[in-house]
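Notes follow once the structure below has been shown.
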Amino acid sequence: TTATDLWTITIPALLEADERSLARALAISALDLVSTNDPAEIAIALRARDLQLHDVALIATLRVVAGWSTAERLATPLALERLGYPSPWTPELTAATQEFQVPPLLLLALVRQESAFNPEAISPAAAVGLTQVIPRTGALIAASLGEDWQGSHTLTNPETSLRYGAAYLAAQLETFNGNLYATLAAYNGG
């Protein structure tokens, strides 16, 4: 298949068949075939963004700017910055931050760092989803919210992951009296 077929037929078909992990792996493989700082990386970032593969778009964008000087990075075109700092799931993120009184940009930055916007991300420590909640912590969060815990697979749902991440972040902010460094360190520590 050609590169065009990959992005217009194969990857969309995999996504439609609910094979996101396979689609993502194929997209990353395609990216790995491109040399760093090749204009094709931007094309891949745009295609990935359009297909809601935000982590692939982020990775491609980071590869584009990796060798840039500080001055070049400060002059980054807004469209390219948006690829590197996407804001998918805005309604869900907004609802979660309002429900738990968490700064939206803080939760967005946490998601970018923890999962690179990959809702199916699983860490070596078994943290799951956009906000990388460990399943045992997810069960505790569900209980504290009066919800039935449906298992770790629910953390791959963006809305659930954002809500649980925001709830946990809010609890850490309260524990550490708003100290962001301590809050984020505690969040990361699980």
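Identifiers for the structure tokens are assigned positionally: chains receive A, B, ... in sequence, residues are indexed from 1 per chain, and ligands are indexed from 1 in the order shown.
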
Proximity of segment 6-118 of chain A to segment 156-180 of chain A: per-residue shortest pair, 12 Å limit, only C-alpha atoms, as JSON lines:
```
{"residue": "A:Arg20", "atom": "CA", "partner": "A:Thr156", "partner_atom": "CA", "distance": 11.3}
{"residue": "A:Ser21", "atom": "CA", "partner": "A:Thr156", "partner_atom": "CA", "distance": 11.6}
{"residue": "A:Pro88", "atom": "CA", "partner": "A:Pro158", "partner_atom": "CA", "distance": 9.6}
{"residue": "A:Trp89", "atom": "CA", "partner": "A:Pro158", "partner_atom": "CA", "distance": 7.3}
{"residue": "A:Thr90", "atom": "CA", "partner": "A:Glu159", "partner_atom": "CA", "distance": 10.1}
{"residue": "A:Pro91", "atom": "CA", "partner": "A:Glu159", "partner_atom": "CA", "distance": 9.1}
{"residue": "A:Glu92", "atom": "CA", "partner": "A:Glu159", "partner_atom": "CA", "distance": 5.5}
{"residue": "A:Leu93", "atom": "CA", "partner": "A:Leu162", "partner_atom": "CA", "distance": 6.1}
{"residue": "A:Thr94", "atom": "CA", "partner": "A:Leu162", "partner_atom": "CA", "distance": 9.4}
{"residue": "A:Ala95", "atom": "CA", "partner": "A:Arg163", "partner_atom": "CA", "distance": 8.1}
{"residue": "A:Ala96", "atom": "CA", "partner": "A:Arg163", "partner_atom": "CA", "distance": 4.9}
{"residue": "A:Thr97", "atom": "CA", "partner": "A:Ala166", "partner_atom": "CA", "distance": 6.2}
{"residue": "A:Gln98", "atom": "CA", "partner": "A:Ala166", "partner_atom": "CA", "distance": 9.3}
{"residue": "A:Glu99", "atom": "CA", "partner": "A:Arg163", "partner_atom": "CA", "distance": 8.2}
{"residue": "A:Phe100", "atom": "CA", "partner": "A:Ala167", "partner_atom": "CA", "distance": 5.8}
{"residue": "A:Gln101", "atom": "CA", "partner": "A:Ala170", "partner_atom": "CA", "distance": 7.0}
{"residue": "A:Val102", "atom": "CA", "partner": "A:Ala170", "partner_atom": "CA", "distance": 6.0}
{"residue": "A:Pro103", "atom": "CA", "partner": "A:Ala166", "partner_atom": "CA", "distance": 9.2}
{"residue": "A:Pro104", "atom": "CA", "partner": "A:Ala166", "partner_atom": "CA", "distance": 9.3}
{"residue": "A:Leu105", "atom": "CA", "partner": "A:Ala166", "partner_atom": "CA", "distance": 11.5}
{"residue": "A:Leu106", "atom": "CA", "partner": "A:Leu180", "partner_atom": "CA", "distance": 9.1}
{"residue": "A:Leu107", "atom": "CA", "partner": "A:Ala166", "partner_atom": "CA", "distance": 6.8}
{"residue": "A:Leu108", "atom": "CA", "partner": "A:Leu162", "partner_atom": "CA", "distance": 9.3}
{"residue": "A:Ala109", "atom": "CA", "partner": "A:Ala166", "partner_atom": "CA", "distance": 11.9}
{"residue": "A:Leu110", "atom": "CA", "partner": "A:Gly165", "partner_atom": "CA", "distance": 9.0}
{"residue": "A:Val111", "atom": "CA", "partner": "A:Leu162", "partner_atom": "CA", "distance": 8.4}
{"residue": "A:Arg112", "atom": "CA", "partner": "A:Leu162", "partner_atom": "CA", "distance": 12.0}
{"residue": "A:Glu114", "atom": "CA", "partner": "A:Gly165", "partner_atom": "CA", "distance": 10.6}
{"residue": "A:Ser115", "atom": "CA", "partner": "A:Thr156", "partner_atom": "CA", "distance": 10.9}
{"residue": "A:Phe117", "atom": "CA", "partner": "A:Pro158", "partner_atom": "CA", "distance": 9.3}
{"residue": "A:Asn118", "atom": "CA", "partner": "A:Thr156", "partner_atom": "CA", "distance": 8.8}
```

Alpha helix (DSSP H) positions in segment 34-63 of chain A, given as a VMD selection string: chain A and resid 40 to 50 54 to 63

Top pick for closest residue to Ala79 of chain A, considering A:Leu62, A:Asp32, A:Ile42, A:Pro135 and counting only C-alpha atoms: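 The closest residue to Ala79 of chain A is A:Ile42.
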
Shell of 12 Å around His54 of chain A, only C-alpha atoms, local chain residues under 5 positions omitted, as an MDAnalysis selection string: chainID A and resid 20 24 27:28 44:49 59:61 82:89 111:112 115:121 130

Keeping only C-alpha atoms, write the selected residues to a file as a tab-separated table (two decimals), in the first residue's frame.
```
chain	number	residue	atom	x	y	z
A	20	ARG	CA	-7.22	1.90	17.98
A	24	ARG	CA	-1.82	3.77	16.51
A	27	ALA	CA	0.81	5.22	12.46
A	28	ILE	CA	3.88	5.20	14.72
A	44	ILE	CA	1.74	12.83	9.48
A	45	ALA	CA	0.97	15.05	12.47
A	46	LEU	CA	-1.92	16.65	10.60
A	47	ARG	CA	-3.31	13.32	9.41
A	48	ALA	CA	-2.98	11.82	12.88
A	49	ARG	CA	-4.76	14.80	14.45
A	59	ILE	CA	5.13	12.71	18.78
A	60	ALA	CA	5.47	13.84	15.14
A	61	THR	CA	5.36	17.49	16.18
A	82	ARG	CA	-1.61	23.44	18.34
A	83	LEU	CA	-0.39	20.08	17.04
A	84	GLY	CA	2.10	19.91	19.92
A	85	TYR	CA	-0.41	21.14	22.48
A	86	PRO	CA	-3.75	19.70	21.41
A	87	SER	CA	-6.86	20.00	23.53
A	88	PRO	CA	-9.05	17.05	22.61
A	89	TRP	CA	-12.03	16.10	24.73
A	111	VAL	CA	-2.78	14.56	30.42
A	112	ARG	CA	-0.16	15.70	27.91
A	115	SER	CA	-0.36	9.85	28.37
A	116	ALA	CA	0.44	12.17	25.43
A	117	PHE	CA	-3.34	12.18	24.85
A	118	ASN	CA	-3.48	8.41	24.27
A	119	PRO	CA	-6.68	7.21	25.99
A	120	GLU	CA	-5.43	3.61	25.85
A	121	ALA	CA	-2.03	4.31	27.39
A	130	LEU	CA	-5.41	9.75	29.72
```

Write out as a tab-separated table the residues of segment 104-132 of chain A that have any atom within 10 Å of an atom of segment 137-150 of chain A, one row each with the nearest atom pair and its distance in Å to one decimal, counting only C-alpha atoms, sorted by chain and then rising number.
```
residue	atom	partner	partner_atom	distance
A:Ala127	CA	A:Thr137	CA	9.3
A:Val128	CA	A:Gly138	CA	9.3
A:Gln132	CA	A:Gly138	CA	9.7
```
